[in-house]
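> Contents of work-v1.cif (mmCIF, C-alpha atoms) are below:
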data_query
#
loop_
_atom_site.label_atom_id
_atom_site.label_comp_id
_atom_site.auth_asym_id
_atom_site.auth_seq_id
_atom_site.Cartn_x
_atom_site.Cartn_y
_atom_site.Cartn_z
CA ARG A 1 18.84 15.01 23.91
CA ILE A 2 16.45 17.32 22.06
CA THR A 3 15.18 15.80 18.82
CA GLU A 4 14.84 18.24 15.97
CA GLN A 5 11.26 18.39 14.73
CA ILE A 6 10.99 18.13 10.95
CA MET A 7 7.64 18.95 9.39
CA LEU A 8 6.72 16.46 6.66
CA ILE A 9 3.20 17.58 5.72
CA HIS A 10 1.31 20.80 6.39
CA LEU A 11 -2.41 21.32 5.71
CA GLU A 12 -3.84 24.83 5.58
CA LYS A 13 -7.62 25.37 5.64
CA LEU A 14 -8.43 22.37 3.45
CA GLY A 15 -12.05 22.03 2.38
CA LYS A 16 -14.01 19.70 0.13
CA THR A 17 -17.64 19.57 -0.96
CA PHE A 18 -19.68 17.11 -2.98
CA GLY A 19 -22.52 19.12 -4.45
CA GLU A 20 -24.12 20.92 -1.52
CA LYS A 21 -22.66 18.53 1.05
CA VAL A 22 -19.66 19.91 2.94
CA VAL A 23 -17.36 16.99 3.79
CA LEU A 24 -14.27 18.89 4.94
CA HIS A 25 -14.07 22.46 6.18
CA ASP A 26 -11.10 24.55 7.32
CA VAL A 27 -8.81 21.58 8.09
CA THR A 28 -5.41 22.80 9.31
CA ALA A 29 -2.81 20.38 10.66
CA SER A 30 0.83 19.34 10.46
CA VAL A 31 2.65 16.00 10.46
CA GLU A 32 6.20 15.86 11.77
CA ARG A 33 8.84 13.15 11.50
CA GLU A 34 8.16 10.11 13.72
CA ASP A 35 4.52 11.17 14.28
CA ARG A 36 2.00 8.33 14.41
CA ILE A 37 -1.43 9.78 13.73
CA GLY A 38 -4.85 8.18 13.57
CA ILE A 39 -7.75 9.87 11.75
CA VAL A 40 -10.92 9.03 13.66
CA GLY A 41 -14.51 9.87 12.77
CA GLN A 42 -17.90 8.44 11.96
CA ASN A 43 -18.80 7.22 8.46
CA GLY A 44 -18.99 10.12 6.05
CA ALA A 45 -16.87 12.43 8.22
CA GLY A 46 -14.31 12.84 5.43
CA LYS A 47 -11.44 10.58 6.53
CA THR A 48 -10.99 8.91 3.14
CA THR A 49 -11.65 12.20 1.32
CA LEU A 50 -8.78 13.82 3.20
CA LEU A 51 -6.40 10.99 2.29
CA LYS A 52 -7.45 11.15 -1.37
CA ILE A 53 -6.69 14.86 -1.42
CA LEU A 54 -3.23 14.22 0.01
CA THR A 55 -2.49 11.48 -2.53
CA GLY A 56 -3.67 13.62 -5.44
CA GLU A 57 -6.76 11.62 -6.37
CA TYR A 58 -8.95 14.66 -5.69
CA GLN A 59 -7.78 17.88 -7.32
CA ASP A 60 -10.77 20.16 -6.74
CA TYR A 61 -10.58 21.30 -3.13
CA GLU A 62 -10.23 24.47 -1.11
CA GLY A 63 -7.10 25.48 0.79
CA GLU A 64 -3.68 23.99 0.23
CA PHE A 65 -1.18 21.51 1.60
CA SER A 66 2.56 21.08 1.23
CA VAL A 67 4.83 18.04 1.41
CA THR A 68 8.51 18.33 2.30
CA HIS A 69 10.89 17.64 -0.59
CA GLY A 70 11.89 13.98 -0.71
CA VAL A 71 8.79 12.75 1.13
CA THR A 72 6.63 10.20 -0.68
CA LEU A 73 3.01 9.59 0.27
CA GLY A 74 1.59 6.07 0.13
CA TYR A 75 -2.06 5.13 0.47
CA LEU A 76 -3.36 1.65 1.25
CA GLU A 77 -7.03 1.41 0.25
CA GLN A 78 -9.29 -0.38 2.70
CA ASN A 79 -10.33 -2.89 0.03
CA ALA A 80 -7.51 -2.59 -2.49
CA LYS A 81 -8.05 -4.92 -5.43
CA LEU A 82 -5.81 -7.92 -5.97
CA ASP A 83 -5.89 -10.27 -8.97
CA ALA A 84 -7.32 -13.57 -7.73
CA THR A 85 -5.90 -15.38 -10.78
CA LEU A 86 -2.30 -14.66 -9.75
CA ASP A 87 -0.07 -16.12 -7.07
CA ILE A 88 1.68 -13.96 -4.46
CA TYR A 89 4.86 -13.51 -6.49
CA GLY A 90 2.93 -12.75 -9.67
CA GLU A 91 0.89 -10.07 -7.90
CA MET A 92 4.07 -8.43 -6.67
CA ARG A 93 5.59 -8.60 -10.16
CA SER A 94 2.50 -6.82 -11.54
CA CYS A 95 3.84 -3.68 -9.84
CA PHE A 96 6.49 -3.69 -12.58
CA ALA A 97 4.11 -4.20 -15.53
CA HIS A 98 5.23 -0.92 -17.11
CA VAL A 99 8.88 -1.92 -16.62
CA LEU A 100 8.39 -5.36 -18.17
CA ASP A 101 6.62 -3.70 -21.10
CA ALA A 102 9.53 -1.26 -21.50
CA MET A 103 12.01 -4.15 -21.47
CA ALA A 104 10.04 -5.99 -24.16
CA GLN A 105 9.92 -2.84 -26.30
CA MET A 106 13.67 -2.35 -25.84
CA GLN A 107 14.40 -5.81 -27.22
CA ILE A 108 12.38 -5.04 -30.35
CA LEU A 109 13.99 -1.62 -30.61
CA GLU A 110 17.51 -3.02 -30.30
CA ARG A 111 16.89 -5.32 -33.27
CA ARG A 112 15.71 -2.32 -35.30
CA MET A 113 18.78 -0.32 -34.17
CA ALA A 114 21.07 -3.12 -35.34
CA ALA A 115 19.41 -2.97 -38.76
CA SER A 116 19.41 0.85 -38.90
CA PRO A 117 22.30 2.12 -36.72
CA GLU A 118 22.12 5.59 -38.31
CA ASP A 119 18.53 6.23 -37.16
CA ALA A 120 18.84 8.73 -34.27
CA SER A 121 15.13 8.53 -33.42
CA LEU A 122 15.55 4.88 -32.40
CA LEU A 123 18.28 5.85 -29.96
CA GLU A 124 16.02 8.50 -28.43
CA GLN A 125 13.24 5.93 -27.97
CA HIS A 126 15.74 3.52 -26.43
CA ASP A 127 16.90 6.18 -23.95
CA ALA A 128 13.29 6.95 -22.96
CA LEU A 129 12.60 3.27 -22.27
CA GLN A 130 15.86 2.98 -20.32
CA ASN A 131 14.78 5.90 -18.13
CA ILE A 132 11.50 4.11 -17.30
CA ILE A 133 13.42 1.01 -16.21
CA ASP A 134 16.00 2.94 -14.20
CA ALA A 135 13.37 5.06 -12.43
CA ALA A 136 11.74 1.90 -11.06
CA ASP A 137 15.06 0.11 -10.35
CA GLY A 138 13.72 -2.44 -12.82
CA TYR A 139 16.84 -4.56 -13.15
CA ASN A 140 16.61 -5.29 -9.42
CA MET A 141 12.87 -5.97 -9.40
CA ASP A 142 13.17 -9.61 -8.36
CA VAL A 143 15.71 -8.80 -5.65
CA ASN A 144 13.39 -6.14 -4.24
CA ILE A 145 10.31 -8.36 -4.51
CA LYS A 146 12.01 -11.13 -2.53
CA LYS A 147 13.30 -8.67 0.07
CA VAL A 148 9.84 -7.16 0.62
CA LEU A 149 8.01 -10.51 0.72
CA SER A 150 10.48 -11.89 3.25
CA GLY A 151 10.25 -8.71 5.30
CA MET A 152 6.45 -8.91 5.38
CA GLY A 153 6.56 -12.46 6.70
CA PHE A 154 5.92 -14.47 3.51
CA ALA A 155 8.08 -17.60 3.53
CA GLN A 156 9.55 -18.53 0.14
CA ASP A 157 7.43 -21.67 -0.09
CA THR A 158 4.26 -19.51 0.00
CA TRP A 159 5.17 -17.28 -2.95
CA THR A 160 3.36 -19.60 -5.39
CA LYS A 161 0.22 -19.60 -3.24
CA ASN A 162 -2.83 -18.40 -5.16
CA ILE A 163 -4.32 -15.12 -3.96
CA ALA A 164 -7.83 -16.58 -4.02
CA VAL A 165 -7.01 -18.84 -1.05
CA LEU A 166 -5.20 -16.28 1.13
CA SER A 167 -6.54 -15.42 4.56
CA GLY A 168 -7.61 -11.89 5.48
CA GLY A 169 -4.34 -11.27 7.32
CA GLU A 170 -2.27 -12.51 4.38
CA LEU A 171 -4.18 -10.26 1.98
CA THR A 172 -3.50 -7.25 4.23
CA ARG A 173 0.20 -8.09 4.37
CA LEU A 174 0.31 -8.49 0.59
CA ARG A 175 -1.33 -5.09 0.07
CA LEU A 176 1.21 -3.51 2.41
CA ALA A 177 4.04 -5.28 0.57
CA LYS A 178 2.81 -3.88 -2.75
CA LEU A 179 2.54 -0.41 -1.26
CA LEU A 180 6.20 -0.56 -0.19
CA LEU A 181 7.32 -1.99 -3.52
CA GLU A 182 5.47 0.62 -5.57
CA LYS A 183 7.36 3.49 -3.92
CA PRO A 184 10.06 5.06 -6.11
CA GLY A 185 13.24 3.02 -6.55
CA ASN A 186 16.88 3.95 -6.02
CA LYS A 187 16.41 4.04 -2.24
CA GLN A 188 19.24 3.44 0.19
CA ASP A 189 19.07 0.29 2.30
CA GLU A 190 18.57 2.33 5.49
CA GLU A 191 15.59 4.17 3.97
CA PHE A 192 14.16 0.89 2.68
CA GLU A 193 14.51 -0.67 6.12
CA GLU A 194 12.83 2.34 7.77
CA ASP A 195 9.88 2.14 5.36
CA TRP A 196 9.54 -1.59 5.92
CA LYS A 197 9.53 -1.18 9.71
CA LEU A 198 6.83 1.48 9.49
CA LEU A 199 4.61 -0.66 7.25
CA PHE A 200 5.12 -3.74 9.40
CA GLU A 201 4.13 -1.65 12.43
CA LEU A 202 0.95 -0.70 10.57
CA TYR A 203 0.34 -4.36 9.76
CA GLU A 204 0.64 -5.31 13.43
CA ILE A 205 -1.95 -2.65 14.32
CA LEU A 206 -4.34 -3.91 11.63
CA LYS A 207 -3.77 -7.53 12.69
CA LYS A 208 -4.72 -6.73 16.28
CA ARG A 209 -7.92 -5.10 15.08
CA VAL A 210 -8.77 -8.11 12.89
CA ASP A 211 -7.94 -10.56 15.68
CA ALA A 212 -10.11 -8.59 18.13
CA ARG A 213 -13.04 -8.64 15.70
CA GLU A 214 -12.64 -12.36 15.05
CA GLU A 215 -12.50 -13.08 18.78
CA LYS A 216 -15.62 -10.99 19.32
CA MET A 217 -17.40 -12.93 16.58
CA ARG A 218 -16.27 -16.29 18.01
CA ASP A 219 -17.50 -15.20 21.44
CA TYR A 220 -20.85 -14.27 19.92
CA VAL A 221 -21.10 -17.64 18.14
CA ARG A 222 -20.25 -19.46 21.39
CA LYS A 223 -22.98 -17.57 23.26
CA VAL A 224 -25.53 -18.30 20.51
CA GLY A 225 -24.50 -21.94 20.54
CA LEU A 226 -24.90 -22.18 24.32
CA THR A 227 -28.30 -20.50 24.12
CA GLU A 228 -29.45 -22.95 21.45
CA LYS A 229 -28.25 -25.90 23.54
CA GLU A 230 -30.14 -24.63 26.58
CA LYS A 231 -33.24 -24.06 24.46
CA ASN A 232 -33.11 -27.61 23.05
CA LYS A 233 -32.56 -29.01 26.55
CA ASP A 234 -35.62 -27.18 27.89
CA GLU A 235 -37.73 -28.42 24.98
CA GLN A 236 -36.67 -32.02 25.65
CA GLN A 237 -37.59 -31.82 29.35
#
Do you think you could lay out the structure here as C-alpha cells?

Amino acid sequence: RITEQIMLIHLEKLGKTFGEKVVLHDVTASVEREDRIGIVGQNGAGKTTLLKILTGEYQDYEGEFSVTHGVTLGYLEQNAKLDATLDIYGEMRSCFAHVLDAMAQMQILERRMAASPEDASLLEQHDALQNIIDAADGYNMDVNIKKVLSGMGFAQDTWTKNIAVLSGGELTRLRLAKLLLEKPGNKQDEEFEEDWKLLFELYEILKKRVDAREEKMRDYVRKVGLTEKEKNKDEQQ
C-alpha cells in the first residue's frame, strides 16, 4: 500500500545572523507526516536557532517557512525551568494559570452582573473570559492533567512529590508532559493519543542517552577507583 506523503513543514532559504556572525544560511528542507528527524551539529551550528525560528521566538530572519493548517509546533527546551517549590501536580496545573485567573475573574464578574443585570459591558467581559476557558478546555483541566501524568508514567502516589527531589529522568518526563498539556485543547482522543505516543517515544530516546551517559560515568568512576586501589597497594608494598 502506498502511503500518501503529507508535508507538514517547509523551509525555504532560511538564514539568521547575530551581528556579523552568520549562524544559518540558505536552509531549505521539508518535514512530512511520520518523519522522525534529528538535527545534528557542533555547538554554535544553529540547531537551537533554527528551532526558535520555527516556534516564533525569533522573528528577524531571512527566507520563509510554512506550516500546514492544523499543525501545532511544540518545543521542549534543553533546560526548561520548573518551579522547585511545587509538586508534580501543581507544576502541571500551572499550565492553566491563565484559565484559573479567568475563572476567578468570572466569579467576581457574575456577582457584579447579578447586581447590575442591565450592564451589557459586563456580559461582554464574561464572554471574553469564557472564551479563554473554552480555548484551553479549562473545565477538563484536571481530567487532562491526570491523563497526561498517567500516560507519561507518573503513578498517582507520586503526584505530590516535590520537584526539587525528582531525578533527571523524572524531570525530563515532566517537561514532556507539560509540553503535551500546553498544546491547544479541544483535541479528539485519537489525536491526543497520537501526540502522547510521539512524546513518549521522544522520552525513550532521551532516557537511553541519559542512561548511556550515566553508565559511561560509572565506568569511569570504577576505573579511577581500581587505579587508586592499585596505587595504594603499590605504596604499601
> Closest to Val23 of chain A among A:Leu50, A:Met141, A:Met113, A:Ala128, using only C-alpha atoms?
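Selected residue with least distance to Val23 of chain A: A:Leu50.
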> Around (-0.2, -13.7, -11.5) in the file's frame, which residues reach within 12 Å when counting only C-alpha atoms? Return as a count of residues only?
21
> For the file shown, what are the residues hit by the PyMOL selection byres ((chain A and resi 26) around 6), laid out as a ChimeraX atom specification?
/A:13-15,25,27
> Using all atoms listed in the file and a cutoff of 12 Å, can you tell me which residues are near (-11.2, 13.4, -0.9) in the file's coordinates, and write them out as a PyMOL selection string?
chain A and resi 14-18+22-25+44-62
> Suppose you want the space between atom CA of Tyr139 of chain A and atom CA of Ala102 of chain A; what is it in Å?
11.6 Å
> Set up a box along x, y and z of the file covering all listed atoms of segment 172-177 of chain A, add 5 Å on every one of the six sides, and write the centre and edge lengths in Å to one decimal, as lines of an AutoDock Vina configuration file.

center_x = 0.3
center_y = -6.0
center_z = 2.2
size_x = 17.5
size_y = 15.0
size_z = 14.3
